[in-house]
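A.B. asks: Provided below: final.cif, containing mmCIF, C-alpha atoms.
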```
data_query
#
loop_
_atom_site.group_PDB
_atom_site.id
_atom_site.type_symbol
_atom_site.label_atom_id
_atom_site.label_comp_id
_atom_site.auth_asym_id
_atom_site.auth_seq_id
_atom_site.Cartn_x
_atom_site.Cartn_y
_atom_site.Cartn_z
ATOM 1 C CA MET F 15 0.000 0.000 0.000
ATOM 2 C CA LEU F 16 2.867 2.363 0.913
ATOM 3 C CA GLU F 17 4.423 1.603 -2.485
ATOM 4 C CA ILE F 18 1.235 2.653 -4.312
ATOM 5 C CA PHE F 19 1.171 5.908 -2.345
ATOM 6 C CA ILE F 20 4.822 6.629 -3.197
ATOM 7 C CA GLY F 21 4.000 5.865 -6.839
ATOM 8 C CA ILE F 22 1.064 8.316 -6.814
ATOM 9 C CA LEU F 23 3.167 11.087 -5.283
ATOM 10 C CA SER F 24 6.016 10.558 -7.763
ATOM 11 C CA GLY F 25 3.530 10.372 -10.642
ATOM 12 C CA ILE F 26 2.080 13.763 -9.692
ATOM 13 C CA ILE F 27 5.569 15.321 -9.507
ATOM 14 C CA SER F 28 6.581 13.688 -12.823
ATOM 15 C CA GLY F 29 3.688 15.545 -14.463
ATOM 16 C CA THR F 30 5.439 18.842 -13.722
ATOM 17 C CA GLY F 31 8.583 17.645 -15.497
ATOM 18 C CA MET F 32 10.638 18.106 -12.344
ATOM 19 C CA GLY F 33 11.895 14.574 -11.953
ATOM 20 C CA GLY F 34 9.500 12.387 -10.005
ATOM 21 C CA GLY F 35 12.141 9.670 -10.300
ATOM 22 C CA THR F 36 14.413 11.291 -7.727
ATOM 23 C CA ILE F 37 11.545 11.399 -5.211
ATOM 24 C CA LEU F 38 10.533 7.796 -5.945
ATOM 25 C CA ILE F 39 14.073 6.502 -5.391
ATOM 26 C CA PHE F 40 14.594 8.598 -2.258
ATOM 27 C CA LEU F 41 11.314 7.504 -0.610
ATOM 28 C CA LEU F 42 11.857 3.844 -1.480
ATOM 29 C CA MET F 43 15.320 3.996 0.092
ATOM 30 C CA TYR F 44 14.544 5.983 3.222
ATOM 31 C CA VAL F 45 10.861 5.187 3.911
ATOM 32 C CA VAL F 46 10.455 1.619 2.636
ATOM 33 C CA GLY F 47 14.122 0.808 3.253
ATOM 34 C CA VAL F 48 15.036 -0.965 0.017
ATOM 35 C CA ASP F 49 18.554 -1.173 -1.419
ATOM 36 C CA GLN F 50 19.497 1.669 -3.796
ATOM 37 C CA HIS F 51 19.942 -0.651 -6.787
ATOM 38 C CA ILE F 52 16.443 -2.073 -6.293
ATOM 39 C CA ALA F 53 14.993 1.429 -5.811
ATOM 40 C CA GLN F 54 16.635 2.513 -9.075
ATOM 41 C CA ALA F 55 15.376 -0.568 -10.922
ATOM 42 C CA THR F 56 11.856 0.177 -9.615
ATOM 43 C CA ASN F 57 12.125 3.657 -11.104
ATOM 44 C CA LEU F 58 12.945 2.144 -14.516
ATOM 45 C CA VAL F 59 9.777 -0.008 -14.474
ATOM 46 C CA PHE F 60 7.794 2.944 -13.067
ATOM 47 C CA PHE F 61 8.858 5.160 -15.966
ATOM 48 C CA ILE F 62 7.860 2.895 -18.877
ATOM 49 C CA PRO F 63 3.990 2.865 -18.892
ATOM 50 C CA THR F 64 3.528 6.580 -18.138
ATOM 51 C CA SER F 65 6.164 7.628 -20.661
ATOM 52 C CA ILE F 66 4.615 5.538 -23.454
ATOM 53 C CA ILE F 67 1.303 7.356 -22.911
ATOM 54 C CA ALA F 68 3.124 10.713 -22.835
ATOM 55 C CA ILE F 69 4.966 9.900 -26.089
ATOM 56 C CA ILE F 70 1.712 8.993 -27.894
ATOM 57 C CA ILE F 71 0.100 12.267 -26.749
ATOM 58 C CA ASN F 72 3.177 14.290 -27.742
ATOM 59 C CA LEU F 73 3.392 12.592 -31.152
ATOM 60 C CA LYS F 74 -0.252 13.478 -31.821
ATOM 61 C CA ASN F 75 0.352 17.099 -30.766
ATOM 62 C CA LYS F 76 3.550 17.215 -32.894
ATOM 63 C CA ASN F 77 5.620 18.117 -29.829
ATOM 64 C CA ILE F 78 8.536 15.870 -30.765
ATOM 65 C CA ALA F 79 11.482 16.930 -32.945
ATOM 66 C CA LEU F 80 11.911 13.469 -34.491
ATOM 67 C CA LYS F 81 15.159 14.071 -36.393
ATOM 68 C CA SER F 82 16.984 15.300 -33.284
ATOM 69 C CA ALA F 83 15.303 12.653 -31.132
ATOM 70 C CA VAL F 84 16.660 9.721 -33.165
ATOM 71 C CA LEU F 85 20.303 10.868 -33.001
ATOM 72 C CA VAL F 86 20.117 11.674 -29.268
ATOM 73 C CA SER F 87 18.413 8.320 -28.603
ATOM 74 C CA VAL F 88 21.050 6.268 -30.443
ATOM 75 C CA PHE F 89 23.897 7.810 -28.435
ATOM 76 C CA GLY F 90 21.676 7.727 -25.355
ATOM 77 C CA ILE F 91 21.443 3.941 -25.641
ATOM 78 C CA LEU F 92 25.241 3.761 -25.916
ATOM 79 C CA GLY F 93 25.575 5.968 -22.824
ATOM 80 C CA ALA F 94 23.004 3.888 -20.937
ATOM 81 C CA ILE F 95 25.002 0.696 -21.593
ATOM 82 C CA ILE F 96 28.100 2.383 -20.102
ATOM 83 C CA GLY F 97 26.191 3.950 -17.164
ATOM 84 C CA ALA F 98 24.200 0.844 -16.234
ATOM 85 C CA ASN F 99 27.313 -1.357 -16.220
ATOM 86 C CA ILE F 100 29.191 1.097 -13.987
ATOM 87 C CA SER F 101 26.161 1.310 -11.675
ATOM 88 C CA ILE F 102 25.890 -2.468 -11.317
ATOM 89 C CA LYS F 103 29.592 -2.965 -10.574
ATOM 90 C CA ILE F 104 30.192 0.046 -8.321
ATOM 91 C CA ASP F 105 30.074 -0.165 -4.505
ATOM 92 C CA VAL F 106 26.631 0.927 -3.288
ATOM 93 C CA ASN F 107 28.058 3.479 -0.806
ATOM 94 C CA ILE F 108 29.975 5.239 -3.582
ATOM 95 C CA LEU F 109 26.898 5.109 -5.841
ATOM 96 C CA ARG F 110 24.809 6.740 -3.098
ATOM 97 C CA LYS F 111 27.333 9.552 -2.653
ATOM 98 C CA CYS F 112 27.519 10.121 -6.436
ATOM 99 C CA PHE F 113 23.725 10.313 -6.540
ATOM 100 C CA GLY F 114 23.795 12.869 -3.714
ATOM 101 C CA ILE F 115 26.309 15.019 -5.605
ATOM 102 C CA PHE F 116 24.161 14.793 -8.742
ATOM 103 C CA LEU F 117 21.089 15.939 -6.756
ATOM 104 C CA ALA F 118 23.103 18.857 -5.332
ATOM 105 C CA ILE F 119 24.043 19.964 -8.868
ATOM 106 C CA ILE F 120 20.380 19.866 -9.912
ATOM 107 C CA ALA F 121 19.468 21.843 -6.777
ATOM 108 C CA ILE F 122 21.936 24.580 -7.777
ATOM 109 C CA HIS F 123 20.436 24.675 -11.271
ATOM 110 C CA GLU F 124 16.909 24.895 -9.790
ATOM 111 C CA ILE F 125 17.954 27.809 -7.540
ATOM 112 C CA TYR F 126 19.353 29.551 -10.622
ATOM 113 C CA THR F 127 16.062 29.118 -12.551
ATOM 114 C CA ILE F 128 13.995 30.283 -9.542
ATOM 115 C CA ILE F 129 16.070 33.485 -9.312
ATOM 116 C CA LYS F 130 15.664 34.000 -13.067
ATOM 117 C CA LEU F 131 11.866 33.526 -12.833
ATOM 118 C CA TYR F 132 11.741 35.944 -9.897
ATOM 119 C CA LYS F 133 13.635 38.611 -11.871
ATOM 120 C CA ILE F 134 11.386 38.202 -14.934
ATOM 121 C CA ASN F 135 8.275 38.601 -12.753
ATOM 122 C CA LYS F 136 9.744 41.685 -11.088
ATOM 123 C CA ILE F 137 10.441 43.351 -14.450
ATOM 124 C CA ARG F 138 6.905 42.515 -15.594
ATOM 125 C CA ASN F 139 5.380 44.028 -12.447
ATOM 126 C CA ASN F 140 7.483 47.171 -12.834
ATOM 127 C CA ASN F 141 6.321 47.579 -16.415
ATOM 128 C CA LYS F 142 2.703 47.170 -15.333
ATOM 129 C CA GLU F 143 3.122 49.943 -12.772
ATOM 130 C CA LYS F 144 4.526 52.296 -15.410
ATOM 131 C CA VAL F 145 1.536 51.673 -17.672
ATOM 132 C CA MET Q 30 23.745 29.646 -52.346
ATOM 133 C CA ASN Q 31 27.406 30.684 -52.622
ATOM 134 C CA LYS Q 32 30.292 28.607 -51.377
ATOM 135 C CA ALA Q 33 30.985 30.638 -48.205
ATOM 136 C CA THR Q 34 27.422 30.359 -46.846
ATOM 137 C CA GLN Q 35 27.387 26.658 -47.789
ATOM 138 C CA ILE Q 36 30.527 26.080 -45.696
ATOM 139 C CA GLY Q 37 29.009 28.155 -42.875
ATOM 140 C CA LYS Q 38 25.846 26.067 -42.955
ATOM 141 C CA ASN Q 39 27.844 22.829 -42.923
ATOM 142 C CA THR Q 40 29.821 23.848 -39.830
ATOM 143 C CA ILE Q 41 26.579 24.759 -38.034
ATOM 144 C CA ASP Q 42 25.094 21.372 -39.020
ATOM 145 C CA MET Q 43 28.254 19.624 -37.828
ATOM 146 C CA ARG Q 44 28.188 21.526 -34.532
ATOM 147 C CA ASN Q 45 24.562 20.571 -33.940
ATOM 148 C CA ILE Q 46 25.339 16.914 -34.627
ATOM 149 C CA ILE Q 47 28.231 17.000 -32.137
ATOM 150 C CA LYS Q 48 25.982 18.707 -29.566
ATOM 151 C CA LYS Q 49 23.319 16.006 -29.990
ATOM 152 C CA VAL Q 50 25.883 13.211 -29.690
ATOM 153 C CA ILE Q 51 27.236 14.693 -26.432
ATOM 154 C CA ILE Q 52 23.725 15.318 -25.020
ATOM 155 C CA GLY Q 53 22.743 11.720 -25.808
ATOM 156 C CA LEU Q 54 25.894 10.150 -24.366
ATOM 157 C CA LEU Q 55 25.810 12.215 -21.165
ATOM 158 C CA ALA Q 56 22.079 11.700 -20.549
ATOM 159 C CA GLY Q 57 22.492 7.975 -21.254
ATOM 160 C CA ILE Q 58 25.348 7.600 -18.757
ATOM 161 C CA ILE Q 59 23.391 9.459 -16.035
ATOM 162 C CA SER Q 60 20.250 7.497 -16.868
ATOM 163 C CA GLY Q 61 22.123 4.204 -16.595
ATOM 164 C CA LEU Q 62 23.992 5.187 -13.431
ATOM 165 C CA PHE Q 63 21.080 6.550 -11.400
ATOM 166 C CA SER Q 64 18.072 5.380 -13.511
ATOM 167 C CA THR Q 65 16.778 8.953 -13.314
ATOM 168 C CA GLY Q 66 17.939 12.429 -14.175
ATOM 169 C CA GLY Q 67 18.192 11.977 -17.941
ATOM 170 C CA GLY Q 68 15.346 14.442 -18.414
ATOM 171 C CA MET Q 69 16.973 16.974 -16.145
ATOM 172 C CA ILE Q 70 19.937 17.024 -18.546
ATOM 173 C CA VAL Q 71 18.124 16.652 -21.862
ATOM 174 C CA VAL Q 72 15.426 19.325 -21.342
ATOM 175 C CA PRO Q 73 17.751 22.259 -20.446
ATOM 176 C CA ALA Q 74 20.280 21.076 -23.072
ATOM 177 C CA PHE Q 75 17.619 21.130 -25.796
ATOM 178 C CA ILE Q 76 16.439 24.581 -24.718
ATOM 179 C CA TYR Q 77 19.852 26.246 -24.263
ATOM 180 C CA LEU Q 78 22.061 24.398 -26.771
ATOM 181 C CA LEU Q 79 19.621 23.575 -29.579
ATOM 182 C CA ASN Q 80 17.258 26.553 -29.088
ATOM 183 C CA MET Q 81 14.214 24.308 -28.875
ATOM 184 C CA GLU Q 82 11.013 25.734 -27.451
ATOM 185 C CA ASP Q 83 10.006 24.571 -23.981
ATOM 186 C CA LYS Q 84 7.071 22.348 -24.973
ATOM 187 C CA LYS Q 85 8.970 20.635 -27.788
ATOM 188 C CA ALA Q 86 12.016 20.097 -25.547
ATOM 189 C CA ARG Q 87 9.870 18.282 -22.960
ATOM 190 C CA GLY Q 88 8.066 16.180 -25.569
ATOM 191 C CA THR Q 89 11.291 15.234 -27.342
ATOM 192 C CA SER Q 90 13.061 14.440 -24.056
ATOM 193 C CA ILE Q 91 10.561 11.716 -23.068
ATOM 194 C CA PHE Q 92 10.929 10.134 -26.507
ATOM 195 C CA CYS Q 93 14.742 10.075 -26.088
ATOM 196 C CA ILE Q 94 14.766 8.797 -22.522
ATOM 197 C CA LEU Q 95 12.503 5.781 -23.018
ATOM 198 C CA PRO Q 96 15.117 3.800 -25.040
ATOM 199 C CA MET Q 97 17.787 4.705 -22.431
ATOM 200 C CA VAL Q 98 15.513 3.455 -19.637
ATOM 201 C CA VAL Q 99 14.698 0.216 -21.468
ATOM 202 C CA THR Q 100 18.419 -0.385 -22.131
ATOM 203 C CA SER Q 101 19.339 0.241 -18.485
ATOM 204 C CA GLY Q 102 16.416 -1.954 -17.426
ATOM 205 C CA ILE Q 103 17.864 -4.929 -19.319
ATOM 206 C CA PHE Q 104 21.140 -4.692 -17.369
ATOM 207 C CA TYR Q 105 19.390 -4.187 -14.005
ATOM 208 C CA TYR Q 106 17.134 -7.155 -14.822
ATOM 209 C CA LYS Q 107 20.131 -9.367 -15.635
ATOM 210 C CA SER Q 108 21.657 -8.479 -12.258
ATOM 211 C CA ASN Q 109 18.408 -9.425 -10.462
ATOM 212 C CA TYR Q 110 17.765 -5.903 -9.213
ATOM 213 C CA ILE Q 111 14.117 -5.754 -10.298
ATOM 214 C CA ASP Q 112 11.675 -6.436 -7.454
ATOM 215 C CA TRP Q 113 8.489 -6.987 -9.478
ATOM 216 C CA ASN Q 114 6.209 -6.706 -6.452
ATOM 217 C CA ILE Q 115 7.406 -3.191 -5.515
ATOM 218 C CA SER Q 116 7.814 -2.145 -9.164
ATOM 219 C CA ILE Q 117 4.276 -3.004 -10.257
ATOM 220 C CA LEU Q 118 2.708 -1.353 -7.187
ATOM 221 C CA CYS Q 119 4.725 1.830 -7.815
ATOM 222 C CA ALA Q 120 3.895 1.779 -11.531
ATOM 223 C CA ILE Q 121 0.151 1.512 -10.778
ATOM 224 C CA GLY Q 122 0.466 4.440 -8.356
ATOM 225 C CA GLY Q 123 2.465 6.331 -10.970
ATOM 226 C CA MET Q 124 -0.290 6.046 -13.569
ATOM 227 C CA ILE Q 125 -2.923 7.236 -11.062
ATOM 228 C CA GLY Q 126 -0.652 10.094 -9.978
ATOM 229 C CA GLY Q 127 0.247 11.076 -13.530
ATOM 230 C CA TYR Q 128 -3.431 11.260 -14.492
ATOM 231 C CA THR Q 129 -4.700 13.169 -11.436
ATOM 232 C CA GLY Q 130 -1.572 15.320 -11.307
ATOM 233 C CA ALA Q 131 -2.109 16.654 -14.817
ATOM 234 C CA LYS Q 132 -5.504 18.039 -13.745
ATOM 235 C CA LEU Q 133 -4.490 19.145 -10.244
ATOM 236 C CA LEU Q 134 -1.311 20.974 -11.207
ATOM 237 C CA LYS Q 135 -3.016 23.529 -13.416
ATOM 238 C CA LYS Q 136 -4.345 25.082 -10.191
ATOM 239 C CA ILE Q 137 -1.017 25.312 -8.321
ATOM 240 C CA PRO Q 138 1.515 27.985 -9.417
ATOM 241 C CA THR Q 139 4.700 26.300 -10.655
ATOM 242 C CA HIS Q 140 7.144 28.480 -8.714
ATOM 243 C CA TYR Q 141 5.831 27.153 -5.363
ATOM 244 C CA LEU Q 142 6.378 23.616 -6.614
ATOM 245 C CA LYS Q 143 9.855 24.556 -7.837
ATOM 246 C CA VAL Q 144 10.808 25.932 -4.412
ATOM 247 C CA ALA Q 145 9.427 22.838 -2.643
ATOM 248 C CA PHE Q 146 11.287 20.526 -5.053
ATOM 249 C CA THR Q 147 14.547 22.439 -4.533
ATOM 250 C CA ILE Q 148 14.241 22.126 -0.738
ATOM 251 C CA PHE Q 149 13.677 18.385 -1.205
ATOM 252 C CA LEU Q 150 16.777 18.151 -3.441
ATOM 253 C CA ILE Q 151 18.987 19.915 -0.892
ATOM 254 C CA TYR Q 152 17.729 17.667 1.927
ATOM 255 C CA ALA Q 153 18.066 14.471 -0.142
ATOM 256 C CA SER Q 154 21.561 15.322 -1.375
ATOM 257 C CA TYR Q 155 22.723 16.138 2.168
ATOM 258 C CA LYS Q 156 21.359 12.834 3.458
ATOM 259 C CA MET Q 157 22.929 10.808 0.650
ATOM 260 C CA ILE Q 158 26.361 12.422 0.776
ATOM 261 C CA PHE Q 159 26.881 12.664 4.550
ATOM 262 C CA LYS Q 160 24.906 9.778 6.066
#
```
Spit out the file's structure as structure tokens when you get a sec.
C.D. replies:
Amino acid sequence: MLEIFIGILSGIISGTGMGGGTILIFLLMYVVGVDQHIAQATNLVFFIPTSIIAIIINLKNKNIALKSAVLVSVFGILGAIIGANISIKIDVNILRKCFGIFLAIIAIHEIYTIIKLYKINKIRNNNKEKV
Amino acid sequence: MNKATQIGKNTIDMRNIIKKVIIGLLAGIISGLFSTGGGMIVVPAFIYLLNMEDKKARGTSIFCILPMVVTSGIFYYKSNYIDWNISILCAIGGMIGGYTGAKLLKKIPTHYLKVAFTIFLIYASYKMIFK
């Protein structure tokens, strides 16, 4: 039951495009208490059905740049083979620390975009006042 | 078209191909390593490096990440890291969450969500690096 709830929460966050996967993995590790590799594998299965639906909708709405997508996908598969093999062989404590560093980098990027959004809104409000 | 502009066009084409190759490889490695985070690289890369519009970048990113996820999944499966019980429960929750989230999120301003997600990222990264 807890797993379904975690899935729902991550699904809602995924809809915003903010990375529901990070939340899913984190909650599985620290709330359910599963091993990081199993939490990550769960995220892979979790991603497939929802993304297939999203791809069909996006194809219909012509929101996919197919030519770019094919090239990125081919090299993405190559990268995934490298990444997955490193992940499987690496010590789980090192993997966890690497994941933490990756999350910190994303956090910095998010702070940067929040500041940018804030500035844009401020300029807009100033312009409104002038009018 | 004269020769100079033809050469100019070719170098731009070549640059874009190299950019796509690097985006694919990097996103694939991250995707394989952590099973998540591919989108967090691909979406900003499409917007900033390939000048794609926001909606198209998101649509294209899901299309690119699915093959990376399936590839990683094969390696995780071979290493017996997939717990089908947890995975299917989370995937069911994910579909419910994805569906309800799409309707719910139109009512919540995105910058509040962004701030909440950033606080989560900082907390999660701290916990993973130092504990």
A.B. asks: Please identify all polymer residues within 6 Å of region 50-60 of chain Q, counting only C-alpha atoms, omitting same-chain residues fewer than 6 positions from it, and present them as a list of chain:residue names.
C.D. replies: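 With the cut-off at 6 Å, the set is F:Val86, F:Phe89, F:Gly90, F:Gly93, F:Ala94, F:Gly97, Q:Gly67, Q:Met97.
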A.B. asks: Restricting the calculation to all atoms listed in the file, which member of Q:Ile103, Q:Asn109, Q:Leu133, Q:Gly61 is positioned closest to chain F?
C.D. replies: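 Between Q:Ile103, Q:Asn109, Q:Leu133, Q:Gly61, the residue approaching chain F most closely is Q:Gly61.
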A.B. asks: Give me, as a ChimeraX atom specification, all polymer residues having an atom no more than 9 Å from region 70-77 of chain F, counting only C-alpha atoms and skipping those fewer than 5 positions away in the same chain.
C.D. replies: /F:65 /Q:84-89,92
A.B. asks: At a cut-off of 7 Å, can you tabulate as CSV every residue of chain F near chain Q together with its closest atom pair and the distance in Å to one decimal, using only C-alpha atoms and ordering rows by chain then number?
C.D. replies:
```
residue,atom,partner,partner_atom,distance
F:Glu17,CA,Q:Cys119,CA,5.3
F:Ile18,CA,Q:Gly122,CA,4.5
F:Phe19,CA,Q:Gly122,CA,6.2
F:Ile20,CA,Q:Cys119,CA,6.7
F:Gly21,CA,Q:Gly122,CA,4.1
F:Ile22,CA,Q:Gly126,CA,4.0
F:Leu23,CA,Q:Gly126,CA,6.1
F:Ser24,CA,Q:Gly123,CA,6.4
F:Gly25,CA,Q:Gly123,CA,4.2
F:Ile26,CA,Q:Gly130,CA,4.3
F:Ser28,CA,Q:Gly127,CA,6.9
F:Gly29,CA,Q:Gly127,CA,5.7
F:Gly33,CA,Q:Gly66,CA,6.8
F:Gly35,CA,Q:Thr65,CA,5.6
F:Thr36,CA,Q:Thr65,CA,6.5
F:His51,CA,Q:Tyr110,CA,6.2
F:Ile52,CA,Q:Tyr110,CA,5.0
F:Gln54,CA,Q:Ser64,CA,5.5
F:Ala55,CA,Q:Ile111,CA,5.4
F:Thr56,CA,Q:Ser116,CA,4.7
F:Asn57,CA,Q:Ser64,CA,6.6
F:Leu58,CA,Q:Val98,CA,5.9
F:Val59,CA,Q:Ser116,CA,6.1
F:Phe60,CA,Q:Ala120,CA,4.3
F:Ile62,CA,Q:Leu95,CA,6.9
F:Thr64,CA,Q:Met124,CA,6.0
F:Ser65,CA,Q:Ile91,CA,6.5
F:Ile69,CA,Q:Phe92,CA,6.0
F:Asn72,CA,Q:Gly88,CA,5.7
F:Asn77,CA,Q:Lys85,CA,4.7
F:Ile78,CA,Q:Thr89,CA,4.4
F:Ala79,CA,Q:Thr89,CA,5.9
F:Ala83,CA,Q:Cys93,CA,5.7
F:Leu85,CA,Q:Lys49,CA,6.7
F:Val86,CA,Q:Gly53,CA,4.3
F:Ser87,CA,Q:Cys93,CA,4.8
F:Phe89,CA,Q:Gly53,CA,4.8
F:Gly90,CA,Q:Gly53,CA,4.2
F:Ile91,CA,Q:Met97,CA,4.9
F:Leu92,CA,Q:Leu54,CA,6.6
F:Gly93,CA,Q:Gly57,CA,4.0
F:Ala94,CA,Q:Gly57,CA,4.1
F:Ile95,CA,Q:Ser101,CA,6.5
F:Ile96,CA,Q:Ile58,CA,6.0
F:Gly97,CA,Q:Ile58,CA,4.1
F:Ala98,CA,Q:Gly61,CA,4.0
F:Ile100,CA,Q:Leu62,CA,6.6
F:Ser101,CA,Q:Leu62,CA,4.8
F:Arg110,CA,Q:Met157,CA,5.8
F:Lys111,CA,Q:Ile158,CA,4.6
F:Phe113,CA,Q:Phe63,CA,6.7
F:Gly114,CA,Q:Ser154,CA,4.1
F:Ile115,CA,Q:Ser154,CA,6.4
F:Leu117,CA,Q:Ser154,CA,5.4
F:Ala118,CA,Q:Ser154,CA,5.5
F:Ala121,CA,Q:Thr147,CA,5.4
F:Glu124,CA,Q:Thr147,CA,6.3
```
A.B. asks: Edge lengths and centre, in Å to one decimal, as AutoDock Vina command-line options: that's what I need for the box along x, y and z that holds all listed atoms of region 23-31 of chain F plus 8 Å on each side.
C.D. replies:
```
--center_x 5.3 --center_y 14.6 --center_z -10.4 --size_x 22.5 --size_y 24.5 --size_z 26.2
```
A.B. asks: Would you mind reading off the distance between CA of Leu16 (chain F) and CA of Pro138 (chain Q), one decimal, in Å?
C.D. replies: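 Going from CA of Leu16 (chain F) over to CA of Pro138 (chain Q) covers 27.7 Å.
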A.B. asks: For CA of Gln50 (chain F) and CA of Leu109 (chain F), determine how far apart the two atoms are, in Å to one decimal place.
C.D. replies: 8.4 Å
A.B. asks: Could you jot down the CA of Ile119 (chain F) to CA of Val48 (chain F) separation for me, Å, one decimal place?
C.D. replies: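 Value for the CA of Ile119 (chain F)-CA of Val48 (chain F) distance: 24.5 Å.
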